[in-house]
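Asks: The structure is given below, and queries will be raised subsequently.
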Amino acid sequence: MRDEGDCFIFITPPELKSSCLRDHQVKRIMFQIYYCKGMECLQVLESGKAALKMRVVRNEDRTREVQRKALFLLIFLSLFCWVKSEQIQYSVLEETEKGSYVGNLPKDLGLDARELSKRKLGISSEKPYFTLNEQNGNLYVNSRIDREEICGESLSCVLKLEAVVHNPLNVIHIQVFIKDINDNAPHFQEDNIRLKVSESNLPGTRFSLGNAEDEDIGMNSLQTYQLSSTPYFKLDVKESEDGDKYVDLILLKQLDREKEHTLHLVLTALDGGEPMKTGTTNILVAVIDVNDNMPIFGQAVYKVSLKENAPRGTSMLQVKASDLDEGSNAEIIYSFHKIPESARQKFILDPHDGTITVKEMIDYEEKQSYVMIIQASDGGGLVTHCKVEIEVLDENDNPPEVVLSSVSTPIPEDCMPGTVVVLLKVLDKDSGNNGEVTCQLRDIVPFQIVSSSDNYFKVLTDSYLDREKIPEYNITITATDKGIPPLSTYKTISLQISDINDNPPVFEKSSYTAHVPENNPSGSSIFSVKASDPDEDRNARILYSILKSNIEDLPLSSYLSINSETGTIYAQRSFDYEQLREFQIQVQAQDGGSPSLNGSATLRVCILDRNDNTPQILYPSQGTESSSFFEMVPRSAESGYLVTKVVAVDADSGHNAWLSFHLLQATEPSLFTIGSHTGEIKTARALLEREAVKQRLVIMVKDNGQSPLSATVTLNLVFAENFQEALPEMDTQPSDSDYQYDLQFYLVLTLALVSFLFLLTVILTITMKLRQSKNPTFLQCVIPDAKTGAIFPPNYEDGTLPYSYQVCLSSESRRNELTFLQPTVQIAENILCNVKSDISMMLNGENNVEDDLENVEKVSSLV
């Protein structure tokens, strides 16, 4: 875009653009004057609104002139208001999206929007690029608009359409200017341009490249060309009469094919759009050769060594010349230029590849060197030369000889590194390099060989030796001369390693575990340990001993002993698992070296349990022979009722301590069951009327050891609902009527006293409550029973009395009724048991009446 400078822009009002303007329709016209500068002016002008542009004159002397021009313009525009316009112009960018707004026809025609439906505004055109909204009169883009497709290369692109207005009928011509956008990039007809340029072409030579094409116009079209960076060419752009821009390639510097035989350039065409678009093509420049280079040898002088007695046809050297030219100019022929006759008889030169081969046998004693000149010529007649010097070498045909001067064997394994063990001398009859000899050790051994002087060599220890790993070394010495090919001689020497006591005895394991069954016989072997020593002779003789143990109560010798020669360990006593389950000792192995070395290991002795303890029954407890154990079972007990549980232990462990419970004898075997693992005795069914209420059970407890051991206990059971009912069955001496009579008397007396005290307490409590409360509804605070319909006072069962009483007050009759409940089995047991509170009870048949009286007194004290 161009700089417009400082300007005044007059914007034409819509009324002046209308072709249907009437005199009575224009009463006042407002003009807009913009002051703009540079690019802003161009943007305002391209918007389609500007009617006139005036440049601003910055000279103050011309200010009045500018003012006169502006006044003239206003007068001109006022006269223009009376001219009837019959054409409307719009502008739109190509590739505008469908539905984009173009303009409002009623506004530009001066039509009233309210009369739009009466005037029946419509448009017509050859192609439906635009569409009209009949309701508001807006003109929109209807389809894709491609300026290059519609107008081609024309600078001005206009789409014409007609607007038809009825009532009255009028036709208005509409021109829509299609503005170009930069939617096409420049492109070349060919992707690659190939040029052939001779290296003899002089600077200034032109090569036509043609032109690129761009369908856009104006600034969006092709503007210039660019060439990739190169010191050999530049571009010259020319413009034809029709506006096309052509480009030529001008040679700036003479080419040299030997340096660059091809050039790769990139030609770029650029347009002036925003953003800028480009198109490229590759230029391949092939440089044509001329014979301007002579052949060149890789070396000016070739030196080669040749062994005597080399066989005929041996290729000893290849001379090589190169020519930077190509084609026939680079074809090289080799030939002898100056050569003695003796050399011409010994050697042959290949004219094509420059290889020199042996023609006859070479003898070192006849001639030690040869010199010759080789010529190389190309197809254009240019020649060059090089010199070849051949040195004849003496052949290495004598191997070295090894002579032993001194050998030290055996070698103590504790010798320090660097100790000399072998001294030898090497001789070679050849001379020069063929007579120079080096010695090496063939295998990887802890030795090294070093040169001394006058062809003497020493074999030294390279590291510490270990006889236990390798007791003997067979080292092979290789003596090799420096001839080509080298000749070698091999010499093998045997070296023995002597032992020292450098290894302590080592047990097979750092710790052992011995399992000894208890009750073992004294003096029996229980375990054996083994240690090894990699030394030999005396250094490997081992003696065993016991150092210490973790047993503190008795001397170690009273438990174990060890055979010092074999390492066998013996038990000095019989072990008891229940007293000593395990202990630990430390065993030492000592060799016979000087000084002696030793090693130790830990032995853990575990005593294994044997089944030597019978089960012990803890509950029911075992009494004296005249004692009996009773359990009371309710008559109403159903199947599965837990009567009691037998508890037993076994001092053994493991399987020997696994206990099982068995029912050996029973008055009614089908009435009871016992859990084989739990010891729980339960009823298998309900007691029948015909069966005895007193049942006798014999329970056996057996362990799981080999040859199992067992214990038994006798249990007496009485089926009764209360203690009074069970008591006669528990009496082990029914003939003692006095004892039975006294016991019943004291029990009845105790119950009478307890009942009297309880009744007195209840009467006193009710009397005190009635006095404290005048409300006759006091009796309503008692707790109703959902089952019987009776009501009870709160906490009626609280207290420490051995019997539980309930006061029942009828809610209907309000009469007091005292109900004495039956004592529970637990309460009866609490009365009769002095120490235990469980359900079991032991009665001694030999107890006298005084003991019974003491029990009654204890019950009275509880009340």
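Ligands are numbered from 1 in the order shown, residues from 1 within each chain, and chains are lettered A, B, ... in the order they appear in the structure tokens.
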Show me, as a ChimeraX atom specification, the residues that have an atom within 7 Å of Ala300 of chain A when counting only C-alpha atoms, minus same-chain residues fewer than 3 positions from it.
Replies: /A:297,386-387
Asks: Please write the residues from the selection above to a file, keeping N, CA and C atoms, as a tab-separated table (two decimals), in the first residue's frame.
Replies:
```tsv
chain	number	residue	atom	x	y	z
A	297	PHE	N	50.26	-37.38	-9.34
A	297	PHE	CA	50.51	-38.57	-8.54
A	297	PHE	C	50.19	-38.29	-7.08
A	386	CYS	N	56.80	-39.43	-11.49
A	386	CYS	CA	57.10	-39.69	-10.08
A	386	CYS	C	58.29	-40.63	-10.01
A	387	LYS	N	58.87	-40.71	-8.81
A	387	LYS	CA	60.06	-41.52	-8.59
A	387	LYS	C	59.72	-42.67	-7.67
```
Asks: At a cut-off of 12 Å, using only C-alpha atoms, what residues contact Glu341 of chain A? Leave out same-chain residues fewer than 3 positions from it and give the result as number ranges by chain.
Replies: A: 336, 338, 344-347, 370-372
Asks: Only N, CA, C and O atoms, please: the residues just picked out, written as a JSON list (two decimals), in the first residue's frame.
Replies:
```json
[["chain", "number", "residue", "atom", "x", "y", "z"],
["A", 336, "PHE", "N", 57.29, -46.67, -18.00],
["A", 336, "PHE", "CA", 58.61, -46.36, -17.46],
["A", 336, "PHE", "C", 59.21, -45.23, -18.28],
["A", 336, "PHE", "O", 59.19, -45.24, -19.51],
["A", 338, "LYS", "N", 62.54, -43.39, -17.15],
["A", 338, "LYS", "CA", 63.98, -43.64, -17.03],
["A", 338, "LYS", "C", 64.17, -44.77, -16.05],
["A", 338, "LYS", "O", 63.80, -44.65, -14.89],
["A", 344, "ARG", "N", 64.71, -53.02, -15.44],
["A", 344, "ARG", "CA", 63.70, -53.36, -16.44],
["A", 344, "ARG", "C", 63.54, -54.88, -16.56],
["A", 344, "ARG", "O", 62.46, -55.37, -16.88],
["A", 345, "GLN", "N", 64.63, -55.64, -16.26],
["A", 345, "GLN", "CA", 64.56, -57.09, -16.35],
["A", 345, "GLN", "C", 63.87, -57.70, -15.11],
["A", 345, "GLN", "O", 63.37, -58.82, -15.19],
["A", 346, "LYS", "N", 63.83, -56.94, -14.01],
["A", 346, "LYS", "CA", 63.29, -57.48, -12.75],
["A", 346, "LYS", "C", 61.80, -57.12, -12.52],
["A", 346, "LYS", "O", 61.11, -57.84, -11.82],
["A", 347, "PHE", "N", 61.33, -56.01, -13.14],
["A", 347, "PHE", "CA", 59.99, -55.52, -12.79],
["A", 347, "PHE", "C", 59.17, -55.27, -14.04],
["A", 347, "PHE", "O", 59.71, -55.01, -15.12],
["A", 370, "TYR", "N", 66.71, -50.41, -5.93],
["A", 370, "TYR", "CA", 66.44, -50.05, -7.33],
["A", 370, "TYR", "C", 65.73, -48.70, -7.35],
["A", 370, "TYR", "O", 64.92, -48.41, -6.46],
["A", 371, "VAL", "N", 66.02, -47.87, -8.38],
["A", 371, "VAL", "CA", 65.38, -46.57, -8.55],
["A", 371, "VAL", "C", 64.88, -46.47, -9.99],
["A", 371, "VAL", "O", 65.63, -46.79, -10.93],
["A", 372, "MET", "N", 63.61, -45.98, -10.16],
["A", 372, "MET", "CA", 63.03, -45.85, -11.50],
["A", 372, "MET", "C", 62.10, -44.65, -11.54],
["A", 372, "MET", "O", 61.60, -44.20, -10.50]]
```
Asks: Using DSSP on the backbone coordinates, identify the residues of segment 587-757 of chain A assigned to strand (DSSP E); present them as a ChimeraX atom specification.
Replies: /A:587-591,598-608,616-619,627-633,642-645,647-649,660-666,672-674,680-683,694-702,710-719
Asks: Applying 7 Å and only C-alpha atoms, which residues near Met361 of chain A remain after dropping the ones on its own chain fewer than 6 positions away? List them as a ChimeraX atom specification.
Replies: /A:309-312
Asks: Measuring between only C-alpha atoms, which one of A:Pro521, A:Pro446, A:Gly483, A:Gly110 shows the shortest distance to Tyr570 of chain A?
Replies: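 The answer is A:Pro521, which sits nearest to Tyr570 of chain A.
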Asks: What lies within 9 Å of Glu680 of chain A using only C-alpha atoms, ignoring chain neighbours under 5 positions off, as a ChimeraX atom specification?
Replies: /A:642-647,661,673-675
Asks: Could those residues be written to a file, using all heavy atoms, as a short mmCIF file (atom, residue, chain, number, x, y, z; two decimals), in the first residue's frame?
Replies:
```cif
data_model
loop_
_atom_site.label_atom_id
_atom_site.label_comp_id
_atom_site.auth_asym_id
_atom_site.auth_seq_id
_atom_site.Cartn_x
_atom_site.Cartn_y
_atom_site.Cartn_z
N LEU A 642 -25.32 -77.67 78.28
CA LEU A 642 -23.94 -77.80 78.75
C LEU A 642 -23.97 -78.12 80.23
O LEU A 642 -24.36 -77.29 81.06
CB LEU A 642 -23.16 -76.51 78.48
CG LEU A 642 -21.72 -76.50 78.97
CD1 LEU A 642 -20.90 -77.59 78.27
CD2 LEU A 642 -21.08 -75.13 78.72
N VAL A 643 -23.51 -79.32 80.57
CA VAL A 643 -23.50 -79.76 81.97
C VAL A 643 -22.25 -79.23 82.66
O VAL A 643 -22.31 -78.55 83.67
CB VAL A 643 -23.58 -81.29 82.04
CG1 VAL A 643 -23.48 -81.76 83.50
CG2 VAL A 643 -24.86 -81.79 81.40
N THR A 644 -21.10 -79.51 82.11
CA THR A 644 -19.83 -79.05 82.65
C THR A 644 -18.77 -79.22 81.57
O THR A 644 -19.05 -79.73 80.47
CB THR A 644 -19.44 -79.82 83.92
OG1 THR A 644 -18.28 -79.21 84.48
CG2 THR A 644 -19.13 -81.27 83.62
N LYS A 645 -17.54 -78.86 81.88
CA LYS A 645 -16.43 -78.96 80.93
C LYS A 645 -15.23 -79.53 81.67
O LYS A 645 -14.85 -79.04 82.73
CB LYS A 645 -16.08 -77.60 80.34
CG LYS A 645 -14.93 -77.64 79.36
CD LYS A 645 -14.68 -76.29 78.73
CE LYS A 645 -13.56 -76.36 77.73
NZ LYS A 645 -13.29 -75.07 77.09
N VAL A 646 -14.64 -80.58 81.09
CA VAL A 646 -13.45 -81.20 81.66
C VAL A 646 -12.22 -80.45 81.13
O VAL A 646 -12.07 -80.31 79.90
CB VAL A 646 -13.37 -82.68 81.30
CG1 VAL A 646 -12.11 -83.31 81.89
CG2 VAL A 646 -14.61 -83.41 81.79
N VAL A 647 -11.37 -79.97 82.04
CA VAL A 647 -10.17 -79.22 81.68
C VAL A 647 -8.97 -80.05 82.08
O VAL A 647 -8.86 -80.48 83.24
CB VAL A 647 -10.13 -77.85 82.37
CG1 VAL A 647 -8.88 -77.10 81.98
CG2 VAL A 647 -11.38 -77.04 82.01
N PHE A 661 -10.92 -86.28 74.57
CA PHE A 661 -11.79 -86.64 75.70
C PHE A 661 -12.77 -87.73 75.25
O PHE A 661 -13.35 -87.64 74.15
CB PHE A 661 -12.56 -85.40 76.18
CG PHE A 661 -11.66 -84.28 76.64
CD1 PHE A 661 -11.14 -83.35 75.72
CD2 PHE A 661 -11.32 -84.13 77.98
CE1 PHE A 661 -10.32 -82.34 76.13
CE2 PHE A 661 -10.50 -83.11 78.39
CZ PHE A 661 -9.99 -82.21 77.48
N THR A 673 -23.22 -86.65 75.86
CA THR A 673 -22.15 -86.63 74.85
C THR A 673 -21.03 -85.75 75.38
O THR A 673 -21.27 -84.84 76.18
CB THR A 673 -22.64 -86.07 73.51
OG1 THR A 673 -23.09 -84.72 73.72
CG2 THR A 673 -23.77 -86.91 72.93
N ILE A 674 -19.80 -86.01 74.90
CA ILE A 674 -18.64 -85.21 75.31
C ILE A 674 -17.88 -84.80 74.05
O ILE A 674 -17.70 -85.61 73.13
CB ILE A 674 -17.74 -85.99 76.28
CG1 ILE A 674 -16.60 -85.08 76.78
CG2 ILE A 674 -17.18 -87.25 75.65
CD1 ILE A 674 -15.82 -85.68 77.93
N GLY A 675 -17.45 -83.54 74.00
CA GLY A 675 -16.65 -83.06 72.87
C GLY A 675 -15.26 -83.65 72.91
O GLY A 675 -14.54 -83.50 73.91
#
```
Asks: Of the candidates A:Asp394, A:Asp591, A:Glu689, A:Glu389, which shows the shortest atom-to-atom distance to Ile339 of chain A, using only C-alpha atoms?
Replies: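 For Ile339 of chain A, the nearest of the candidates is A:Glu389.
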Asks: If we count only C-alpha atoms, what is near Tyr544 of chain A at a cut-off of 8 Å, once residues fewer than 6 positions away on the same chain are taken out, given as JSON, numbers by chain?
Replies: {"A": [562, 563, 564, 565, 566, 567, 587, 588, 589, 590]}
Asks: Would you put the residues from that selection into a file with N, CA and C atoms, as a PDB file, in the first residue's frame?
Replies:
```pdb
ATOM      1  N   ILE A 562      33.545 -84.515  73.077  1.00  0.00           N
ATOM      2  CA  ILE A 562      33.813 -84.572  71.633  1.00  0.00           C
ATOM      3  C   ILE A 562      35.075 -85.370  71.393  1.00  0.00           C
ATOM      4  N   ASN A 563      35.057 -86.154  70.342  1.00  0.00           N
ATOM      5  CA  ASN A 563      36.245 -86.887  69.912  1.00  0.00           C
ATOM      6  C   ASN A 563      37.144 -85.921  69.156  1.00  0.00           C
ATOM      7  N   SER A 564      38.353 -85.713  69.665  1.00  0.00           N
ATOM      8  CA  SER A 564      39.249 -84.700  69.083  1.00  0.00           C
ATOM      9  C   SER A 564      39.727 -85.064  67.695  1.00  0.00           C
ATOM     10  N   GLU A 565      39.692 -86.345  67.322  1.00  0.00           N
ATOM     11  CA  GLU A 565      40.170 -86.756  66.008  1.00  0.00           C
ATOM     12  C   GLU A 565      39.068 -86.730  64.957  1.00  0.00           C
ATOM     13  N   THR A 566      37.884 -87.237  65.342  1.00  0.00           N
ATOM     14  CA  THR A 566      36.812 -87.383  64.346  1.00  0.00           C
ATOM     15  C   THR A 566      35.772 -86.273  64.401  1.00  0.00           C
ATOM     16  N   GLY A 567      35.651 -85.548  65.529  1.00  0.00           N
ATOM     17  CA  GLY A 567      34.633 -84.511  65.659  1.00  0.00           C
ATOM     18  C   GLY A 567      33.278 -85.039  66.058  1.00  0.00           C
ATOM     19  N   VAL A 587      32.170 -75.150  68.990  1.00  0.00           N
ATOM     20  CA  VAL A 587      33.145 -76.188  68.681  1.00  0.00           C
ATOM     21  C   VAL A 587      34.302 -75.545  67.925  1.00  0.00           C
ATOM     22  N   GLN A 588      35.529 -75.898  68.315  1.00  0.00           N
ATOM     23  CA  GLN A 588      36.731 -75.337  67.687  1.00  0.00           C
ATOM     24  C   GLN A 588      37.494 -76.436  66.968  1.00  0.00           C
ATOM     25  N   ALA A 589      38.051 -76.069  65.774  1.00  0.00           N
ATOM     26  CA  ALA A 589      38.932 -76.947  65.010  1.00  0.00           C
ATOM     27  C   ALA A 589      40.275 -76.260  64.876  1.00  0.00           C
ATOM     28  N   GLN A 590      41.357 -76.917  65.291  1.00  0.00           N
ATOM     29  CA  GLN A 590      42.696 -76.320  65.300  1.00  0.00           C
ATOM     30  C   GLN A 590      43.636 -77.209  64.499  1.00  0.00           C
TER      31      GLN A 590
END
```
Asks: When you look at Ala711 of chain A with a cut-off of 9 Å (counting only C-alpha atoms), what residues show up, excluding the ones that are within fewer than 2 positions of it in the same chain? I need them as a list in words.
Replies: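 Here the qualifying residues turn out to be Thr614, Pro615, Gln616, Ile617, Ile699, Met700, Val701, Lys702, Leu709 and Val713 of chain A.
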Asks: Would you mind exporting the chosen residues as a short mmCIF file (atom, residue, chain, number, x, y, z; two decimals), in the first residue's frame, restricted to N, CA, C and O atoms?
Replies:
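What follows is the written file again-v6.cif:
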```cif
data_model
loop_
_atom_site.label_atom_id
_atom_site.label_comp_id
_atom_site.auth_asym_id
_atom_site.auth_seq_id
_atom_site.Cartn_x
_atom_site.Cartn_y
_atom_site.Cartn_z
N THR A 614 1.71 -88.28 81.57
CA THR A 614 0.28 -88.52 81.42
C THR A 614 -0.48 -87.22 81.55
O THR A 614 0.00 -86.27 82.19
N PRO A 615 -1.65 -87.12 80.96
CA PRO A 615 -2.44 -85.90 81.10
C PRO A 615 -2.84 -85.67 82.56
O PRO A 615 -3.06 -86.61 83.32
N GLN A 616 -2.94 -84.39 82.94
CA GLN A 616 -3.36 -84.00 84.27
C GLN A 616 -4.70 -83.29 84.17
O GLN A 616 -4.83 -82.33 83.41
N ILE A 617 -5.68 -83.78 84.93
CA ILE A 617 -7.03 -83.21 84.88
C ILE A 617 -7.12 -82.12 85.93
O ILE A 617 -6.93 -82.37 87.13
N ILE A 699 -14.88 -90.24 82.79
CA ILE A 699 -14.31 -89.54 81.63
C ILE A 699 -12.83 -89.91 81.53
O ILE A 699 -12.10 -89.89 82.54
N MET A 700 -12.38 -90.24 80.30
CA MET A 700 -10.96 -90.52 80.06
C MET A 700 -10.37 -89.42 79.17
O MET A 700 -10.96 -89.07 78.14
N VAL A 701 -9.20 -88.92 79.60
CA VAL A 701 -8.44 -87.92 78.81
C VAL A 701 -7.20 -88.62 78.29
O VAL A 701 -6.40 -89.14 79.10
N LYS A 702 -7.01 -88.65 76.98
CA LYS A 702 -5.91 -89.38 76.35
C LYS A 702 -5.11 -88.42 75.45
O LYS A 702 -5.68 -87.58 74.75
N LEU A 709 -0.82 -92.02 76.50
CA LEU A 709 -1.08 -92.09 77.93
C LEU A 709 -2.42 -91.43 78.22
O LEU A 709 -2.84 -90.53 77.48
N VAL A 713 -11.42 -89.49 85.24
CA VAL A 713 -12.07 -88.79 86.33
C VAL A 713 -13.53 -89.24 86.37
O VAL A 713 -14.14 -89.51 85.33
#
```
Asks: Just how far from atom CA of Glu199 of chain A is atom CA of His261 of chain A, in Å to one decimal?
Replies: 9.2 Å
Asks: Counting only C-alpha atoms, which residue out of A:Gly279, A:Pro505, A:Gly313, A:Pro128 sits closest to Ile362 of chain A?
Replies: A:Gly313
Asks: Interatomic distance between atom CA of Tyr302 of chain A and atom CA of Gly381 of chain A?
Replies: 23.8 Å
Asks: Please measure the separation of atom CA of Ser228 of chain A and atom CA of Phe188 of chain A, giving the value in Å to one decimal.
Replies: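 A separation of 16.1 Å between them.
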Asks: Determine which residues of segment 302-515 of chain A DSSP labels as alpha helix (DSSP H) from the backbone of this structure, then write them out as a PyMOL selection string.
Replies: chain A and resi 341-346
Asks: Mind dumping the selected residues with C-alpha atoms as a CSV table (one decimal), in the first residue's frame?
Replies:
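And here is the file that came out, selection.csv:
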```
chain,number,residue,atom,x,y,z
A,341,GLU,CA,68.4,-52.2,-17.7
A,342,SER,CA,68.8,-54.3,-14.6
A,343,ALA,CA,65.6,-53.0,-13.2
A,344,ARG,CA,63.7,-53.4,-16.4
A,345,GLN,CA,64.6,-57.1,-16.3
A,346,LYS,CA,63.3,-57.5,-12.8
```
Asks: When you count only C-alpha atoms, which of these residues is closest to Lys179 of chain A: A:Asp576, A:Glu94, A:Glu401, A:Glu149?
Replies: A:Glu94
